[in-house]
>>> print(open('run-v7.pdb').read())   # PDB, C-alpha atoms
MODEL        1
ATOM      1  CA  LEU A 155     -17.692 -22.972  -7.699  1.00  0.00           C
ATOM      2  CA  VAL A 156     -18.526 -20.152 -10.125  1.00  0.00           C
ATOM      3  CA  HIS A 157     -16.046 -18.887 -12.730  1.00  0.00           C
ATOM      4  CA  ILE A 158     -16.528 -15.169 -13.280  1.00  0.00           C
ATOM      5  CA  PRO A 159     -15.924 -13.932 -16.858  1.00  0.00           C
ATOM      6  CA  HIS A 160     -13.702 -11.268 -15.418  1.00  0.00           C
ATOM      7  CA  MET A 161     -12.539  -8.284 -17.447  1.00  0.00           C
ATOM      8  CA  LEU A 162      -9.332  -6.848 -16.061  1.00  0.00           C
ATOM      9  CA  SER A 163      -7.259  -4.165 -17.715  1.00  0.00           C
ATOM     10  CA  ILE A 164      -4.267  -2.495 -16.039  1.00  0.00           C
ATOM     11  CA  VAL A 165      -2.978   0.666 -17.712  1.00  0.00           C
ATOM     12  CA  LEU A 166       0.414   1.707 -16.371  1.00  0.00           C
ATOM     13  CA  ARG A 167       0.964   5.438 -16.840  1.00  0.00           C
ATOM     14  CA  SER A 168       4.151   6.321 -14.969  1.00  0.00           C
ATOM     15  CA  CYS A 169       6.544   5.355 -12.202  1.00  0.00           C
ATOM     16  CA  PHE A 170       6.164   7.734  -9.258  1.00  0.00           C
ATOM     17  CA  SER A 171       9.038   6.528  -7.117  1.00  0.00           C
ATOM     18  CA  LEU A 172      11.433   3.622  -6.815  1.00  0.00           C
ATOM     19  CA  SER A 173      13.360   3.182  -3.576  1.00  0.00           C
ATOM     20  CA  ARG A 174      16.170   0.652  -3.635  1.00  0.00           C
ATOM     21  CA  GLN A 175      16.886   1.189   0.075  1.00  0.00           C
ATOM     22  CA  LYS A 176      13.290   0.520   1.178  1.00  0.00           C
ATOM     23  CA  GLY A 177      12.609  -2.021  -1.570  1.00  0.00           C
ATOM     24  CA  THR A 178       9.397  -0.359  -2.762  1.00  0.00           C
ATOM     25  CA  THR A 179       7.996   0.829  -6.090  1.00  0.00           C
ATOM     26  CA  GLU A 180       5.089   3.245  -6.501  1.00  0.00           C
ATOM     27  CA  VAL A 181       3.323   3.433  -9.858  1.00  0.00           C
ATOM     28  CA  PHE A 182       0.370   5.414 -11.170  1.00  0.00           C
ATOM     29  CA  LEU A 183      -2.090   3.260 -13.069  1.00  0.00           C
ATOM     30  CA  GLY A 184      -5.673   2.765 -14.094  1.00  0.00           C
ATOM     31  CA  ILE A 185      -7.549  -0.441 -13.280  1.00  0.00           C
ATOM     32  CA  ASP A 186     -10.647  -1.437 -15.241  1.00  0.00           C
ATOM     33  CA  MET A 187     -12.606  -4.350 -13.818  1.00  0.00           C
ATOM     34  CA  GLY A 188     -15.711  -5.916 -15.289  1.00  0.00           C
ATOM     35  CA  TRP A 189     -17.962  -8.816 -14.355  1.00  0.00           C
ATOM     36  CA  LYS A 190     -21.555  -9.917 -14.687  1.00  0.00           C
ATOM     37  CA  ASP A 191     -23.986 -10.014 -11.774  1.00  0.00           C
ATOM     38  CA  GLU A 192     -27.379 -11.296 -12.917  1.00  0.00           C
ATOM     39  CA  ARG A 193     -28.956 -10.068  -9.678  1.00  0.00           C
ATOM     40  CA  LEU A 194     -28.560  -6.500 -10.974  1.00  0.00           C
ATOM     41  CA  ALA A 195     -30.195  -7.119 -14.380  1.00  0.00           C
ATOM     42  CA  TRP A 196     -33.466  -5.463 -15.368  1.00  0.00           C
ATOM     43  CA  ASP A 197     -35.716  -4.991 -18.382  1.00  0.00           C
ATOM     44  CA  PRO A 198     -35.224  -1.508 -19.906  1.00  0.00           C
ATOM     45  CA  LYS A 199     -38.818  -1.555 -21.237  1.00  0.00           C
ATOM     46  CA  GLU A 200     -40.108  -1.660 -17.690  1.00  0.00           C
ATOM     47  CA  HIS A 201     -37.942   1.247 -16.548  1.00  0.00           C
ATOM     48  CA  GLY A 202     -38.496   3.915 -19.186  1.00  0.00           C
ATOM     49  CA  GLY A 203     -35.759   2.690 -21.533  1.00  0.00           C
ATOM     50  CA  CYS A 204     -32.991   3.061 -18.929  1.00  0.00           C
ATOM     51  CA  ALA A 205     -30.043   0.983 -20.130  1.00  0.00           C
ATOM     52  CA  PHE A 206     -27.494   1.690 -17.382  1.00  0.00           C
ATOM     53  CA  THR A 207     -27.074   3.269 -13.983  1.00  0.00           C
ATOM     54  CA  ASN A 208     -24.314   3.970 -11.460  1.00  0.00           C
ATOM     55  CA  TYR A 209     -23.844   2.547  -7.970  1.00  0.00           C
ATOM     56  CA  LYS A 210     -21.381   3.177  -5.189  1.00  0.00           C
ATOM     57  CA  ALA A 211     -18.658   0.524  -5.421  1.00  0.00           C
ATOM     58  CA  SER A 212     -15.991  -0.240  -2.878  1.00  0.00           C
ATOM     59  CA  THR A 213     -14.147  -3.164  -1.328  1.00  0.00           C
ATOM     60  CA  ASP A 214     -15.359  -1.850   2.024  1.00  0.00           C
ATOM     61  CA  PRO A 215     -18.716  -3.525   2.791  1.00  0.00           C
ATOM     62  CA  GLU A 216     -19.885  -0.395   4.608  1.00  0.00           C
ATOM     63  CA  LEU A 217     -19.344   1.842   1.578  1.00  0.00           C
ATOM     64  CA  THR A 218     -20.547  -0.242  -1.380  1.00  0.00           C
ATOM     65  CA  ASN A 219     -24.023  -0.777  -2.788  1.00  0.00           C
ATOM     66  CA  ILE A 220     -23.053  -3.702  -5.022  1.00  0.00           C
ATOM     67  CA  TRP A 221     -20.831  -6.747  -4.785  1.00  0.00           C
ATOM     68  CA  VAL A 222     -17.258  -6.269  -6.049  1.00  0.00           C
ATOM     69  CA  PRO A 223     -14.449  -8.843  -6.476  1.00  0.00           C
ATOM     70  CA  SER A 224     -11.846  -8.899  -3.720  1.00  0.00           C
ATOM     71  CA  LEU A 225      -8.809  -8.338  -5.932  1.00  0.00           C
ATOM     72  CA  ASP A 226      -5.761  -6.786  -4.302  1.00  0.00           C
ATOM     73  CA  LEU A 227      -1.979  -6.642  -4.410  1.00  0.00           C
ATOM     74  CA  ALA A 228      -0.376  -9.481  -2.434  1.00  0.00           C
ATOM     75  CA  ASN A 229       3.026  -7.797  -1.930  1.00  0.00           C
ATOM     76  CA  ARG A 230       1.420  -4.482  -1.095  1.00  0.00           C
ATOM     77  CA  PHE A 231       2.721  -1.522   0.822  1.00  0.00           C
ATOM     78  CA  ASP A 232      -0.359   0.470  -0.217  1.00  0.00           C
ATOM     79  CA  SER A 233      -3.289  -1.655  -1.371  1.00  0.00           C
ATOM     80  CA  LEU A 234      -5.901  -1.119  -4.077  1.00  0.00           C
ATOM     81  CA  GLN A 235      -8.350  -0.238  -1.324  1.00  0.00           C
ATOM     82  CA  ASN A 236      -6.561   3.084  -0.928  1.00  0.00           C
ATOM     83  CA  LEU A 237      -7.398   4.154  -4.484  1.00  0.00           C
ATOM     84  CA  PRO A 238      -9.818   7.104  -4.779  1.00  0.00           C
ATOM     85  CA  ALA A 239     -13.489   6.143  -4.638  1.00  0.00           C
ATOM     86  CA  ALA A 240     -15.229   5.557  -7.969  1.00  0.00           C
ATOM     87  CA  GLU A 241     -18.740   4.495  -8.900  1.00  0.00           C
ATOM     88  CA  GLY A 242     -19.449   1.347 -10.836  1.00  0.00           C
ATOM     89  CA  THR A 243     -21.543   1.421 -14.010  1.00  0.00           C
ATOM     90  CA  VAL A 244     -24.187  -1.323 -14.231  1.00  0.00           C
ATOM     91  CA  LEU A 245     -25.759  -2.234 -17.588  1.00  0.00           C
ATOM     92  CA  PHE A 246     -29.270  -3.605 -17.935  1.00  0.00           C
ATOM     93  CA  ASP A 247     -28.000  -7.153 -18.496  1.00  0.00           C
ATOM     94  CA  GLY A 248     -26.123  -7.161 -15.194  1.00  0.00           C
ATOM     95  CA  THR A 249     -22.690  -6.298 -16.568  1.00  0.00           C
ATOM     96  CA  VAL A 250     -20.690  -4.178 -14.137  1.00  0.00           C
ATOM     97  CA  ILE A 251     -17.782  -1.929 -15.171  1.00  0.00           C
ATOM     98  CA  TRP A 252     -15.632  -0.449 -12.421  1.00  0.00           C
ATOM     99  CA  ARG A 253     -12.865   1.949 -13.384  1.00  0.00           C
ATOM    100  CA  ARG A 254     -10.380   3.430 -10.928  1.00  0.00           C
ATOM    101  CA  PHE A 255      -7.224   5.534 -11.168  1.00  0.00           C
ATOM    102  CA  GLY A 256      -4.504   6.131  -8.606  1.00  0.00           C
ATOM    103  CA  SER A 257      -1.140   5.073  -7.283  1.00  0.00           C
ATOM    104  CA  ILE A 258      -0.197   1.826  -5.567  1.00  0.00           C
ATOM    105  CA  LYS A 259       3.044   0.852  -3.864  1.00  0.00           C
ATOM    106  CA  GLY A 260       4.461  -2.650  -3.859  1.00  0.00           C
ATOM    107  CA  ILE A 261       7.296  -4.325  -1.973  1.00  0.00           C
ATOM    108  CA  CYS A 262       9.974  -5.544  -4.374  1.00  0.00           C
ATOM    109  CA  LEU A 263      13.155  -7.565  -4.398  1.00  0.00           C
ATOM    110  CA  PHE A 264      14.963  -5.838  -7.234  1.00  0.00           C
ATOM    111  CA  ASP A 265      17.034  -7.609  -9.872  1.00  0.00           C
ATOM    112  CA  GLY A 266      19.614  -5.956 -12.116  1.00  0.00           C
ATOM    113  CA  LEU A 267      21.438  -3.527  -9.807  1.00  0.00           C
ATOM    114  CA  GLU A 268      24.861  -4.684 -10.997  1.00  0.00           C
ATOM    115  CA  ARG A 269      24.956  -2.495 -14.135  1.00  0.00           C
ATOM    116  CA  PHE A 270      24.477   0.897 -12.437  1.00  0.00           C
ATOM    117  CA  PRO A 271      23.861   3.447 -13.921  1.00  0.00           C
ATOM    118  CA  TYR A 272      22.771   1.504 -17.022  1.00  0.00           C
ATOM    119  CA  ASP A 273      20.664  -0.938 -15.061  1.00  0.00           C
ATOM    120  CA  GLU A 274      17.112  -2.179 -15.619  1.00  0.00           C
ATOM    121  CA  LEU A 275      15.323  -3.129 -12.413  1.00  0.00           C
ATOM    122  CA  ALA A 276      12.610  -5.784 -12.347  1.00  0.00           C
ATOM    123  CA  CYS A 277       9.815  -5.527  -9.763  1.00  0.00           C
ATOM    124  CA  PRO A 278       7.002  -8.112  -9.518  1.00  0.00           C
ATOM    125  CA  PHE A 279       3.413  -7.173  -8.644  1.00  0.00           C
ATOM    126  CA  TYR A 280       1.241 -10.071  -7.461  1.00  0.00           C
ATOM    127  CA  PHE A 281      -2.516  -9.586  -7.901  1.00  0.00           C
ATOM    128  CA  GLU A 282      -4.753 -12.168  -6.254  1.00  0.00           C
ATOM    129  CA  ASN A 283      -8.078 -12.843  -4.589  1.00  0.00           C
ATOM    130  CA  THR A 284      -7.699 -11.792  -0.963  1.00  0.00           C
ATOM    131  CA  GLN A 285     -10.608 -13.885   0.314  1.00  0.00           C
ATOM    132  CA  THR A 286      -9.602 -17.294   1.635  1.00  0.00           C
ATOM    133  CA  PHE A 287     -12.923 -19.065   1.027  1.00  0.00           C
ATOM    134  CA  THR A 288     -14.924 -18.020  -2.036  1.00  0.00           C
ATOM    135  CA  LEU A 289     -17.493 -19.527  -4.370  1.00  0.00           C
ATOM    136  CA  TYR A 290     -15.984 -17.993  -7.497  1.00  0.00           C
ATOM    137  CA  ASN A 291     -12.768 -18.012  -9.504  1.00  0.00           C
ATOM    138  CA  PHE A 292     -11.268 -15.336 -11.713  1.00  0.00           C
ATOM    139  CA  ASP A 293     -10.888 -15.965 -15.435  1.00  0.00           C
ATOM    140  CA  TYR A 294      -8.236 -13.431 -16.405  1.00  0.00           C
ATOM    141  CA  PRO A 295      -8.174 -12.233 -20.032  1.00  0.00           C
ATOM    142  CA  GLU A 296      -5.187 -12.782 -22.299  1.00  0.00           C
ATOM    143  CA  GLU A 297      -4.213  -9.111 -22.651  1.00  0.00           C
ATOM    144  CA  VAL A 298      -4.153  -7.583 -19.192  1.00  0.00           C
ATOM    145  CA  VAL A 299      -1.447  -4.920 -19.122  1.00  0.00           C
ATOM    146  CA  HIS A 300      -1.371  -1.826 -21.317  1.00  0.00           C
ATOM    147  CA  PHE A 301       0.995   1.110 -21.263  1.00  0.00           C
ATOM    148  CA  PHE A 302       0.215   4.775 -21.671  1.00  0.00           C
ATOM    149  CA  GLU A 303       3.185   7.060 -21.124  1.00  0.00           C
ATOM    150  CA  LEU A 304       2.476  10.677 -20.182  1.00  0.00           C
ATOM    151  CA  GLU A 305       3.588  13.308 -22.676  1.00  0.00           C
ATOM    152  CA  ALA A 306       6.918  14.995 -22.018  1.00  0.00           C
ATOM    153  CA  GLY A 307       5.229  18.307 -21.201  1.00  0.00           C
ATOM    154  CA  GLU A 308       2.948  16.717 -18.614  1.00  0.00           C
ATOM    155  CA  ARG A 309       5.625  15.403 -16.258  1.00  0.00           C
ATOM    156  CA  LYS A 310       8.917  16.331 -14.699  1.00  0.00           C
ATOM    157  CA  TYR A 311      12.199  14.470 -14.894  1.00  0.00           C
ATOM    158  CA  GLN A 312      11.882  10.846 -13.833  1.00  0.00           C
ATOM    159  CA  GLU A 313      14.832   8.725 -12.850  1.00  0.00           C
ATOM    160  CA  PHE A 314      13.071   5.501 -13.884  1.00  0.00           C
ATOM    161  CA  THR A 315      10.771   4.754 -16.807  1.00  0.00           C
ATOM    162  CA  VAL A 316       8.951   1.527 -17.569  1.00  0.00           C
ATOM    163  CA  VAL A 317      10.150  -0.765 -20.371  1.00  0.00           C
ATOM    164  CA  PRO A 318       6.967  -2.301 -21.887  1.00  0.00           C
ATOM    165  CA  GLU A 319       8.735  -4.870 -24.077  1.00  0.00           C
ATOM    166  CA  HIS A 320      10.447  -6.429 -21.042  1.00  0.00           C
ATOM    167  CA  THR A 321       7.268  -6.796 -18.969  1.00  0.00           C
ATOM    168  CA  ARG A 322       6.457 -10.408 -18.073  1.00  0.00           C
ATOM    169  CA  ILE A 323       3.001 -11.770 -17.201  1.00  0.00           C
ATOM    170  CA  LYS A 324       2.303 -15.117 -15.590  1.00  0.00           C
ATOM    171  CA  LYS A 325      -1.042 -16.587 -14.523  1.00  0.00           C
ATOM    172  CA  LYS A 326      -0.845 -19.038 -11.644  1.00  0.00           C
ATOM    173  CA  ASP A 327      -4.089 -20.446 -10.262  1.00  0.00           C
ATOM    174  CA  GLN A 328      -5.943 -17.402  -8.938  1.00  0.00           C
ATOM    175  CA  ARG A 329      -2.863 -15.168  -8.895  1.00  0.00           C
ATOM    176  CA  LEU A 330      -1.736 -12.830 -11.641  1.00  0.00           C
ATOM    177  CA  ASP A 331       2.003 -12.090 -11.600  1.00  0.00           C
ATOM    178  CA  ILE A 332       3.129  -8.990 -13.480  1.00  0.00           C
ATOM    179  CA  VAL A 333       6.854  -8.245 -13.502  1.00  0.00           C
ATOM    180  CA  PHE A 334       7.445  -4.634 -14.507  1.00  0.00           C
ATOM    181  CA  CYS A 335      10.870  -3.606 -15.780  1.00  0.00           C
ATOM    182  CA  PHE A 336      12.153  -0.080 -15.101  1.00  0.00           C
ATOM    183  CA  LYS A 337      15.076   1.534 -16.881  1.00  0.00           C
ATOM    184  CA  ARG A 338      17.171   4.208 -15.258  1.00  0.00           C
ATOM    185  CA  SER A 339      17.559   7.545 -17.043  1.00  0.00           C
ATOM    186  CA  SER A 340      21.318   7.193 -17.411  1.00  0.00           C
ATOM    187  CA  ASN A 341      21.942  10.464 -19.300  1.00  0.00           C
ATOM    188  CA  PHE A 342      22.192  12.375 -16.025  1.00  0.00           C
ATOM    189  CA  TYR A 343      24.913  10.072 -14.673  1.00  0.00           C
ATOM    190  CA  THR A 344      26.721  10.036 -18.006  1.00  0.00           C
ATOM    191  CA  THR A 345      26.929  13.823 -18.325  1.00  0.00           C
ATOM    192  CA  LYS A 346      27.425  14.641 -14.628  1.00  0.00           C
ATOM    193  CA  LEU A 347      29.596  11.770 -13.432  1.00  0.00           C
ATOM    194  CA  ILE A 348      31.129   9.489 -16.043  1.00  0.00           C
ATOM    195  CA  VAL A 349      32.216  12.005 -18.721  1.00  0.00           C
ATOM    196  CA  PRO A 350      33.699  14.557 -16.240  1.00  0.00           C
ATOM    197  CA  THR A 351      35.578  11.779 -14.423  1.00  0.00           C
ATOM    198  CA  ILE A 352      37.123  10.607 -17.701  1.00  0.00           C
ATOM    199  CA  LEU A 353      38.081  14.179 -18.660  1.00  0.00           C
ATOM    200  CA  PHE A 354      39.666  14.909 -15.276  1.00  0.00           C
ATOM    201  CA  THR A 355      41.587  11.633 -15.442  1.00  0.00           C
ATOM    202  CA  ILE A 356      42.994  12.547 -18.862  1.00  0.00           C
ATOM    203  CA  LEU A 357      43.926  16.052 -17.684  1.00  0.00           C
ATOM    204  CA  THR A 358      45.882  14.673 -14.729  1.00  0.00           C
ATOM    205  CA  PHE A 359      48.430  13.288 -17.197  1.00  0.00           C
ATOM    206  CA  GLY A 360      49.221  16.901 -18.094  1.00  0.00           C
ATOM    207  CA  SER A 361      51.448  17.120 -15.010  1.00  0.00           C
ATOM    208  CA  PHE A 362      53.942  14.788 -16.722  1.00  0.00           C
ATOM    209  CA  LEU A 363      54.362  17.345 -19.513  1.00  0.00           C
ATOM    210  CA  LEU A 364      55.680  19.966 -17.091  1.00  0.00           C
ATOM    211  CA  ASP A 365      59.312  20.262 -16.108  1.00  0.00           C
ATOM    212  CA  GLN A 366      60.128  18.519 -12.836  1.00  0.00           C
ATOM    213  CA  ARG A 367      62.080  21.572 -11.661  1.00  0.00           C
ATOM    214  CA  VAL A 368      59.120  23.966 -11.693  1.00  0.00           C
ATOM    215  CA  GLY A 369      56.635  24.243  -8.823  1.00  0.00           C
ATOM    216  CA  GLU A 370      53.666  24.498 -11.124  1.00  0.00           C
ATOM    217  CA  ARG A 371      53.688  20.721 -11.492  1.00  0.00           C
ATOM    218  CA  LEU A 372      52.648  20.237  -7.880  1.00  0.00           C
ATOM    219  CA  GLY A 373      50.174  23.124  -8.124  1.00  0.00           C
ATOM    220  CA  PHE A 374      48.620  21.631 -11.243  1.00  0.00           C
ATOM    221  CA  GLY A 375      48.050  18.323  -9.451  1.00  0.00           C
ATOM    222  CA  MET A 376      46.513  20.062  -6.431  1.00  0.00           C
ATOM    223  CA  TRP A 377      44.301  22.139  -8.718  1.00  0.00           C
ATOM    224  CA  MET A 378      43.000  19.007 -10.441  1.00  0.00           C
ATOM    225  CA  GLN A 379      42.198  17.405  -7.073  1.00  0.00           C
ATOM    226  CA  MET A 380      40.269  20.524  -5.989  1.00  0.00           C
ATOM    227  CA  CYS A 381      38.322  20.569  -9.267  1.00  0.00           C
ATOM    228  CA  GLN A 382      37.270  16.946  -8.847  1.00  0.00           C
ATOM    229  CA  THR A 383      36.274  17.535  -5.221  1.00  0.00           C
ATOM    230  CA  CYS A 384      34.281  20.699  -5.940  1.00  0.00           C
ATOM    231  CA  TYR A 385      32.566  19.161  -8.968  1.00  0.00           C
TER     232      TYR A 385
ENDMDL
END
>>> encode(input="run-v7.pdb", output="structure tokens")
Amino acid sequence: LVHIPHMLSIVLRSCFSLSRQKGTTEVFLGIDMGWKDERLAWDPKEHGGCAFTNYKASTDPELTNIWVPSLDLANRFDSLQNLPAAEGTVLFDGTVIWRRFGSIKGICLFDGLERFPYDELACPFYFENTQTFTLYNFDYPEEVVHFFELEAGERKYQEFTVVPEHTRIKKKDQRLDIVFCFKRSSNFYTTKLIVPTILFTILTFGSFLLDQRVGERLGFGMWMQMCQTCY
């Protein structure tokens, strides 16, 4: 059994979509993988000083020119195999660096829905070796997850944003569990729902300030009901 000195870096950039009804979360991220394959090593002096080259790399055996680890998302709706194709860079000593960018979608059982609209939802992503019988094990590095938020001018309004300080990482055998935490953008609900509801509720008490003998008291109450319905 061979232990691969495996370099894995996951850079979470943004949350594309989060569906509580379907129980799915789609995130845009970058995945950097690195390992050493001595079969690909060469002597630069014998090849005109060439220190690196690029090869086609894919988890599909029909599309790759080099061996790649079979790492994928266990609770996947869309797997890592659906990421856009990217070449792997091979150094003269056999070190391989494979960098890919794209979106993946995982199936989640959300926690934290009770505090709507000030809730923070936790969604676990389970990364593991998808091959049942292998002659190698992954040695995951200590720092795996990094965060790189897009600038405000580069994206539109997002209902959910990731909370880096609440992210939890757990290594279990050959599985890497990453629990991402997403916070709802509650300003929209505060300004469009909570504050107007409080104001309308306070204004309804204005009917008690009117004389009981005038008809405007009933009209004022009906007008408040129409305002709440139309809003």
>>> atom_distance(input="run-v7.pdb", atom1="atom CA of Val165 of chain A", atom2="atom CA of Ile251 of chain A")
15.2 Å
>>> closest_residue(input="run-v7.pdb", among="A:Asn208, A:Thr218, A:Asn229, A:Thr243", to="Gly177 of chain A", atoms="all atoms listed in the file")
A:Asn229
>>> residues_around(input="run-v7.pdb", residues="Val317 of chain A", least_positions_apart="5", cutoff="7 Å", atoms="all atoms listed in the file", output="PyMOL selection string")
chain A and resi 335-337
>>> resolve_selection(input="run-v7.pdb", expression="the PyMOL selection byres ((chain A and resi 192) around 12)", output="list of chain:residue names")
A:Ile158, A:Trp189, A:Lys190, A:Asp191, A:Arg193, A:Leu194, A:Ala195, A:Trp196, A:Asp197, A:Ile220, A:Trp221, A:Val244, A:Leu245, A:Phe246, A:Asp247, A:Gly248, A:Thr249, A:Val250
>>> resolve_selection(input="run-v7.pdb", expression="the PyMOL selection byres ((chain A and resi 267-278) around 7)", output="PDB file with C-alpha atoms, keeping the file's coordinate frame")
ATOM      1  CA  CYS A 262       9.974  -5.544  -4.374  1.00  0.00           C
ATOM      2  CA  LEU A 263      13.155  -7.565  -4.398  1.00  0.00           C
ATOM      3  CA  PHE A 264      14.963  -5.838  -7.234  1.00  0.00           C
ATOM      4  CA  ASP A 265      17.034  -7.609  -9.872  1.00  0.00           C
ATOM      5  CA  GLY A 266      19.614  -5.956 -12.116  1.00  0.00           C
ATOM      6  CA  PHE A 279       3.413  -7.173  -8.644  1.00  0.00           C
ATOM      7  CA  TYR A 280       1.241 -10.071  -7.461  1.00  0.00           C
ATOM      8  CA  ASP A 331       2.003 -12.090 -11.600  1.00  0.00           C
ATOM      9  CA  ILE A 332       3.129  -8.990 -13.480  1.00  0.00           C
ATOM     10  CA  VAL A 333       6.854  -8.245 -13.502  1.00  0.00           C
ATOM     11  CA  PHE A 334       7.445  -4.634 -14.507  1.00  0.00           C
ATOM     12  CA  CYS A 335      10.870  -3.606 -15.780  1.00  0.00           C
ATOM     13  CA  PHE A 336      12.153  -0.080 -15.101  1.00  0.00           C
ATOM     14  CA  LYS A 337      15.076   1.534 -16.881  1.00  0.00           C
ATOM     15  CA  ARG A 338      17.171   4.208 -15.258  1.00  0.00           C
ATOM     16  CA  SER A 340      21.318   7.193 -17.411  1.00  0.00           C
ATOM     17  CA  TYR A 343      24.913  10.072 -14.673  1.00  0.00           C
TER      18      TYR A 343
END
>>> residues_around(input="run-v7.pdb", residues="Phe342 of chain A", least_positions_apart="2", cutoff="12 Å", atoms="all atoms listed in the file", output="list of chain:residue names")
A:Pro271, A:Tyr272, A:Tyr311, A:Gln312, A:Glu313, A:Phe314, A:Arg338, A:Ser339, A:Ser340, A:Thr344, A:Thr345, A:Lys346, A:Leu347, A:Ile348, A:Val349, A:Pro350
>>> atom_distance(input="run-v7.pdb", atom1="atom CA of Thr315 of chain A", atom2="atom CA of Cys169 of chain A")
6.3 Å
>>> residues_around(input="run-v7.pdb", residues="Arg329 of chain A", least_positions_apart="4", cutoff="9 Å", atoms="all atoms listed in the file", output="number ranges by chain")
A: 228, 280-283, 292, 324-325
>>> atom_distance(input="run-v7.pdb", atom1="atom CA of Phe182 of chain A", atom2="atom CA of Glu297 of chain A")
19.1 Å
>>> resolve_selection(input="run-v7.pdb", expression="the PyMOL selection byres ((chain A and resi 358) around 10)", output="VMD selection string")
chain A and resid 353 to 357 359 to 362 374 to 379
>>> closest_atom_pairs(input="run-v7.pdb", of="segment 183-277 of chain A", to="segment 298-301 of chain A", cutoff="12 Å", atoms="only C-alpha atoms", output="tab-separated table")
residue	atom	partner	partner_atom	distance
A:Leu183	CA	A:Phe301	CA	9.0
A:Gly184	CA	A:His300	CA	9.6
A:Ile185	CA	A:Val299	CA	9.6
A:Asp186	CA	A:Val298	CA	9.8
A:Met187	CA	A:Val298	CA	10.5
>>> residues_around(input="run-v7.pdb", residues="Glu241 of chain A", least_positions_apart="6", cutoff="9 Å", atoms="all atoms listed in the file", output="number ranges by chain")
A: 208-212, 252-254
>>> closest_residue(input="run-v7.pdb", among="A:Leu364, A:Ile261, A:Leu234, A:Cys381", to="Lys176 of chain A", atoms="all atoms listed in the file")
A:Ile261
>>> closest_residue(input="run-v7.pdb", among="A:Leu363, A:Ile258, A:Cys204, A:Met380", to="Thr178 of chain A", atoms="only C-alpha atoms")
A:Ile258
